[in-house]
Structures are given as C-alpha cells and as structure tokens.
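Encoded as structure tokens, the structure appears first; notes follow it.
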Amino acid sequence: MKKKCIVIGGGAAGMMAAIAAADDNLDVEILEKNEKLGKKIYITGKGRCNVTNDCEPEAFFENIVTNPKFLYSAYYTFDSAHMIQLLQESGCELKVERGNRVFPVSDHSSDIIRTLQNVLIKKGVKISFHSEVKYLLTEENTVCGVMLSDGRKVNADAVIVATGGISYPSTGSTGDGYRFAKETGHKLMQTRPALVPLTVKESWPLSLQGLALKNVAISLRDGKRELYRGFGEMLFTHFGISGPLILSASSYYAKQSYGNETFLTLDLKPALSKEQLDKRILRDFEERKNKQFKNALDGLLPSKMIPIILMLAQIAPDKFVHDITKEERKQLVELLKSLPLTVTGTRDYNEAIITQGGVCVKDINPSTMESRIIRNLYFAGEVLDLDALTGGFNLQIAWSSGYLAGSNVKENLE
C-alpha cells in the first residue's frame, strides 16, 4: 500500500513541495481551501509574477532579511537556476529584467500557475479544492493526518504545512499554519506586515499623492541607529509613502523599530555631493537671477514638489534669486539632500506583500524542513520566520523550502 503525504496549501511552497514529493510509490495530495491553486501568486509582481531572481547565491542571501543562514540547505538544494530550468522545460518561457528579476515572457502570472499545475497533474498529485484543514492529528509526537472543517479525517504518513502568512487575507492567507504550529507545540515569532507602505506624521506628503520619484536615496534611522539605506523609486500616497524603495525599508522597520517613531531622510539628488549640488544650484540661479525664488526651481524638481520645498526651505517665495544668501542656499542644499519625514507605522496586512515572523526556525531542521518536535511534520514557505526584500526573493524562499521539504518526505517514506 502506498504511503501518503498531505500538503496543506496550494500556493508557491505547497505546489513545489508536492512536485518534489511526488513519486510512483507515494500518494501525494494537496489540500487547498480556495477554489484554485496559487491565488496569491496571481497578484504578485502586479499580476506579472516576479517568479525568482537570477542572481548569484551571495546576492540571494544578501537580500534575505530574516534568518538567511537557515536557508543555506534549501537554496543550495533548489536555487533560482533550478526553478528557471523547471519552468522552461515545462513549457513556460521566461525573461530576465532589471535587477535580475525573472518574469514569464507573457507577463501573465497565470502562466506560472498553469505550468506548475500541469507538472503536478503529470506527476499524479491529487489536488483537492475547497478542503480546509481544521487541525493536525498526532500520536506519540508523530503526525498521522488532518481533520478537515467538514468533519472528514484524512490519514497520512507525512504532512507538509505550506499555508502562507496572513498578508493579503483575501487570498486565503489567514494564519492557519501559525495555529497548527502552536497547537503542536512550536514557538511562534511575532508577526507583522512587511514589504508594506509606510505612514508618516507630516501632512505635506498628502499634497504629493501620486507623485513617483525615481533614482532617489533614503536613510531610515531609529535614533542614532541606521536601520536601512537604499536607492530606487518611491511614491507619495494619501497616507504617506510607498514604492519599491519604501517597501524594502518597511521590512527593516517592521523587524527593528515597529511601533516606534522612526526618522527617514530622503536624498533627492543622490548622484551629487552637497558641494556639487551647490554648484549646480549656483548655475541655475545665475541663469534665473532676475526671477523670483518660487520660479527658479523647475530645473531641479518636479513641479508638484516645488511648493513643498518652498514651504520647508523657509525662504520667501517672492524673493529674487539674486538676493538669495549663501546661508539660504546652503539651507536649500541640506533640504534637497536630507528631506526629513517621520515614520509612524505601516499599513495593515491587506496591503502587505508578505508577513514577517511566523514559526520559529529553531524548531525546524534546516536540512530537511522537518519539525524537531513532531515527526514527519514539515513546514515550508511564508509560514516560517523567513522573509526577504522585493525582487523575486520571497517566492524563491517558497520554491526552495518547499522543494527541500517535499524531497525529504519522499526520501524518508520510501
């Protein structure tokens, strides 16, 4: 009689775990509470699915925010090159864009899901939709199956929990895996929204709603301690700030300063030193020396931002450029190089790309993804206390950890 492996969750980690576990001698079944697989994958990368990052291993680990060393075995067993190979050999053409980010050529995330579902079907994996797990069944510190919410009991020789976190709860990520872990004696690390927009104290960003800034730099500080420094693109919103650069900063804010008032400085001209920027302003002012200050900044700033800089610079807008003092010019340089904002918090899980925190990795064997507390019970993906920056790294965590869990189930049950 075939031994049975149940995978709870049909997202990225769950699909990959089932693919890796599938074997002629093993009955593998995905229990998915939604009506389709990969519901959260559909919305990743703005619907394009940044499936992984085609980078060197060193770069991958540099982009892991929480517990990078725990991922060594998983990543070196199934890295981004393996994922790219699997998808392309299965008929899904890929392309590499800026920052080594990998997308389907079609720009449709549905192609990634369809490809993986076809692989699952070819491997004989059973997929059961509308199948919500209520709790895990254990005997003598060994998992032996699951109880479904409809009262059905499903026996199993191994169970892989790949239920995701609690970000984007509309996709079915409602924290079930955290409950399963806690009920079976595992420690949970505090969860918080991450890769999420930030809220700020100042009111002036609201008037810039919709303005995107490219090639800017930020520094996020909690007192004297710098939490994050980065370069890229950001966006002003009706509540504060967002965009790729801010999302990355939010992960470090969530991890180290959540709930504290934290200070962010925005460098609008990172390619120029203060001295170079001062010379640039002098040239601009020379060309506009008979204009009023309020009409002399169009070469430096987006038009929407000029009124804000006028207000913050505390230089009379009607003052003629030729009357601007050296001290006032220095004040303007300081403002453009370190525009201050006060971060008060983050948006909630409905807007968070990922969840930070989760099942404590000390309770999990990094070489197998098996629980150190309950035999034949495995955890993979976002349910674990693992997270990374944007760029395909979080999905790769799911692929790598899912593959390692599934392949070890196959090896242990054969």
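A note on labels: chains of the structure tokens are A, B, ... as shown, every chain counts residues from 1, and ligands are counted from 1 in their shown order.
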
Next on the checklist: Let's see if you can do this: from backbone DSSP, list all strand (DSSP E or B) residues in segment 120-360 of chain A, as a PyMOL selection string.
Outcome noted: chain A and resi 126-128+133-139+142-148+153-155+158-161+188-194+198-200+212-222+225-236+240-242+262-267+292+320+339-346+354-359

Please report, as a tab-separated table, each residue of segment 1-56 of chain A lying at most 8 Å from segment 78-84 of chain A, together with the nearest pair of atoms and the separation in Å rounded to one decimal; use only C-alpha atoms, and order rows by chain and ascending residue number.
```
residue	atom	partner	partner_atom	distance
A:Thr52	CA	A:Ser80	CA	6.1
A:Asn53	CA	A:Ser80	CA	6.4
A:Asp54	CA	A:Ser80	CA	6.0
A:Cys55	CA	A:Ser80	CA	7.6
```

Can you build me a table of segment 339-395 of chain A residues sitting at most 9 Å from segment 198-201 of chain A, with the closest atom pair per residue and its distance in Å to one decimal, using only C-alpha atoms, sorted by chain and residue number, as CSV?
```
residue,atom,partner,partner_atom,distance
A:Leu341,CA,A:Val200,CA,6.7
A:Thr342,CA,A:Val200,CA,5.4
A:Val343,CA,A:Val200,CA,4.4
A:Thr344,CA,A:Val200,CA,5.2
A:Gly345,CA,A:Thr199,CA,5.3
A:Thr346,CA,A:Leu198,CA,4.4
A:Arg347,CA,A:Leu198,CA,6.2
```

Residues within 9 Å of segment 217-224 of chain A, please, as a ChimeraX atom specification. Count only C-alpha atoms; anything in the same chain fewer than 6 positions from it doesn't count. /A:230-233,245-246,249,252-253,256-257,260-270,338,343

For Gly14 of chain A, the closest of A:Gly124, A:Pro302, A:Gly172, A:Gly164 counting only C-alpha atoms is A:Gly164

request  = Would you list the contacts of segment 152-154 of chain A as a PyMOL selection string, taking every protein, DNA or RNA residue within 10 Å and counting only C-alpha atoms, but skipping same-chain residues closer than 6 positions in sequence?
outcome  = chain A and resi 4+6+131+133-137+144-146

Which residues of segment 157-207 of chain A sit at most 9 Å from segment 305-324 of chain A, using only C-alpha atoms? Give each one's shortest atom pair and distance in Å (one decimal place), in chain and ascending residue order, as a tab-separated table.
```
residue	atom	partner	partner_atom	distance
A:Trp204	CA	A:Ile308	CA	7.0
A:Pro205	CA	A:Ile308	CA	8.6
A:Ser207	CA	A:Ile308	CA	8.6
```

Save the residues we just selected, C-alpha atoms, as a PDB file, in the first residue's frame?
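And here is the file that came out, selection-v9.pdb:
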```
ATOM      1  CA  TRP A 204       2.690  67.654   3.266  1.00  0.00           C
ATOM      2  CA  PRO A 205       3.182  64.255   1.513  1.00  0.00           C
ATOM      3  CA  SER A 207      -0.467  67.012  -1.364  1.00  0.00           C
TER       4      SER A 207
END
```

The distance between atom CA of Glu202 of chain A and atom CA of Ser250 of chain A is 17.5 Å

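Atom pair atom CA of Leu339 of chain A / atom CA of Ser303 of chain A has a distance of 16.6 Å (rounded to one decimal).
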
Inset, instruction - With a distance cut-off of 10 Å and only C-alpha atoms, select the neighbouring residues of Ser106 of chain A, excluding the residue or stretch itself and same-chain residues fewer than 3 positions from it, and output the selection as a VMD selection string. - result: chain A and resid 48 92 to 95 103 109 to 112

Margin query: Using DSSP assignments from the backbone, pull out every residue in segment 35-193 of chain A that falls under helix (DSSP H, G or I) and give it to me as a VMD selection string.
Written below: chain A and resid 41 to 47 57 to 62 68 to 77 80 to 89 98 to 100 109 to 122 169 to 171 176 to 183

Q. In terms of the shortest atom-to-atom distance over only C-alpha atoms, which of A:Gly185, A:Gly9, A:Gly392, A:Gly175 is closest to Arg101 of chain A?
A.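 Result for the nearest residue to Arg101 of chain A: A:Gly392.
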
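Put simply, atom CA of Glu411 of chain A is 10.8 Å away from atom CA of Asn25 of chain A.
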
**Message:** If we count only C-alpha atoms and set the cut-off at 12 Å, which residues sit around Ser73 of chain A, ignoring sequence neighbours fewer than 6 positions away in its own chain? Please answer as an NGL selection string.
**Reply:** :A and (57 or 79 or 365-369 or 397 or 400-405 or 408)

Nearest to Lys330 of chain A, restricted to only C-alpha atoms and choosing among A:Ile354, A:Leu235, A:Ile373, A:Leu277, comes out as A:Leu277

* Asked: Nearest to Ala352 of chain A among A:Asn50, A:Asn412, A:Ser173, A:Thr163, with distances taken over only C-alpha atoms: which residue is it?
  ->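 Of all the options, A:Ser173 lies closest to Ala352 of chain A.
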